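First the structure, in the form of structure tokens, and then the observations on it.
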Amino acid sequence: MADTPSEKKETSEQGADFLAASAPFTLFGTWLKEAEASELNDPNAMSLATVDVSGLPNVRMVLLKGFSPEGFVFYTNKESAKGREIIANPQAALCFHWKSLRRQVRVRGPLTEVSSAEADDYYNSRPRGSQVGAWASQQSRELESRFALEKRVAKFGTKFAVGEIPRPDYWSGFCLTPLEIEFWHDRPFRLHDRLQFKRSAVDAPFTTAQLYP
């Protein structure tokens with residue numbers, strides 16, 4: 001359905017104020033908080049793009065589990081396709097899209113594994129069923145049937161029926177430290193606002209620029 005004039009006007013008025021921002025993580029925090037109030041499901045969902053050993057890109061949706069000036073954190077099975085690609089080429093791109101707000105944020109940079117303590121803390125905060133699932137799922141590998149997966153869930157559910165469930169060695173998190181962060185906001189007639197933060201190294205200061213739509 002096409003936007004009404006009032007919707008276009010509202011979008012235009014909402015879009016202009018962020019262009020003077022000088023602190024990308026502060027701006028991201030504001031946008032994420034607003035998305036949490038307006039998005040129906042998973043405001044922390046983001047696409048994660050990596051490449052395989054041949055250079056062929058791969059993209060999937062994951063969930064942001066933390067962010068700070070150090071970067072954006074997510075968790076995965078390191079033996080999965082994404083895990084193997086990250087280990088072979090530890091750099092990636094992220095994209096957040098908040099349709100209800102007509103906004104997106106794009107991020108690119110190198111990846112580092114989080115500490116064991118960080119991974120343990122997050123793993124221990126997960127529901128028990130998700131902890132069992134981390135043991136049961138041989139992520140990205142061929143599955144002969146749904147029943148085979150259910151058997152593995154039952155096996156590890158029995159194994160860890162009592163007490164805490166330890167984090168598997170192959171399950172951890174990664175932090176993407178941005179070299180580039182771009183904030184995009186819809187404007188009428190595809191004349192969108194784009195604000196880019198860019199730096200040459202992870203310990204260098206950001207420079208800012210507005211980009212043509």
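Identifiers in this document derive from the order of the structure tokens: chains are assigned A, B, ..., residues are numbered from 1 separately in each chain, and ligands are numbered from 1 in order of occurrence.
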
### Query
Can you list, as a PyMOL selection string, every residue of stretch 53-183 of chain A that DSSP puts in strand (DSSP E or B)?
chain A and resi 57-63+66-68+71-77+91-98+103-113+171-176+180-183

Go through stretch 39-121 of chain A residue by residue and, counting only C-alpha atoms, keep those with an atom at most 10 Å from stretch 126-138 of chain A; for each kept residue give the shortest atom pair and its distance in Å to one decimal, ordered by chain and increasing number, as a Markdown table.
| residue | atom | partner | partner_atom | distance |
| --- | --- | --- | --- | --- |
| A:Thr76 | CA | A:Ala134 | CA | 9.0 |
| A:Asn77 | CA | A:Ala134 | CA | 7.5 |
| A:Glu79 | CA | A:Gln138 | CA | 7.8 |
| A:Ser80 | CA | A:Gln138 | CA | 7.5 |
| A:Asp121 | CA | A:Arg126 | CA | 9.1 |

Save out the residues we just selected, N, CA and C atoms, as a CSV table (one decimal), in the first residue's frame.
chain,number,residue,atom,x,y,z
A,76,THR,N,27.0,-18.4,18.6
A,76,THR,CA,26.7,-19.4,17.6
A,76,THR,C,27.5,-20.7,17.9
A,77,ASN,N,27.2,-21.8,17.3
A,77,ASN,CA,28.0,-23.0,17.2
A,77,ASN,C,29.2,-22.7,16.3
A,79,GLU,N,31.1,-24.7,15.0
A,79,GLU,CA,31.3,-25.7,14.0
A,79,GLU,C,30.2,-25.6,12.9
A,80,SER,N,29.3,-24.6,13.0
A,80,SER,CA,28.3,-24.3,12.0
A,80,SER,C,28.9,-23.7,10.8
A,121,ASP,N,28.5,-16.7,30.8
A,121,ASP,CA,27.5,-15.9,31.4
A,121,ASP,C,26.2,-15.9,30.6

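Interatomic distance, atom CA of A:Arg103 to atom CA of A:Tyr122: 28.3 Å.
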
### Query
Just how far from atom CA of A:Asn41 is atom CA of A:Phe197, in Å to one decimal?
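Atom-to-atom, atom CA of A:Phe197 and atom CA of A:Asn41 are spaced 27.7 Å apart.
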
### Message
Need to verify the contact set: stretch 203-213 of chain A, 7 Å, only C-alpha atoms, exclusion of same-chain residues closer than 2 positions in sequence. Can you return it as an MDAnalysis selection string?
### Response
chainID A and resid 191:201

### Query
Any idea what's packed within 7 Å of stretch 82-87 of chain A, counting only C-alpha atoms, ignoring anything in its chain fewer than 6 positions away? Could you give it as a list in words?
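Returned residues: Thr50, Val51, Asp52 and Thr76 of chain A.
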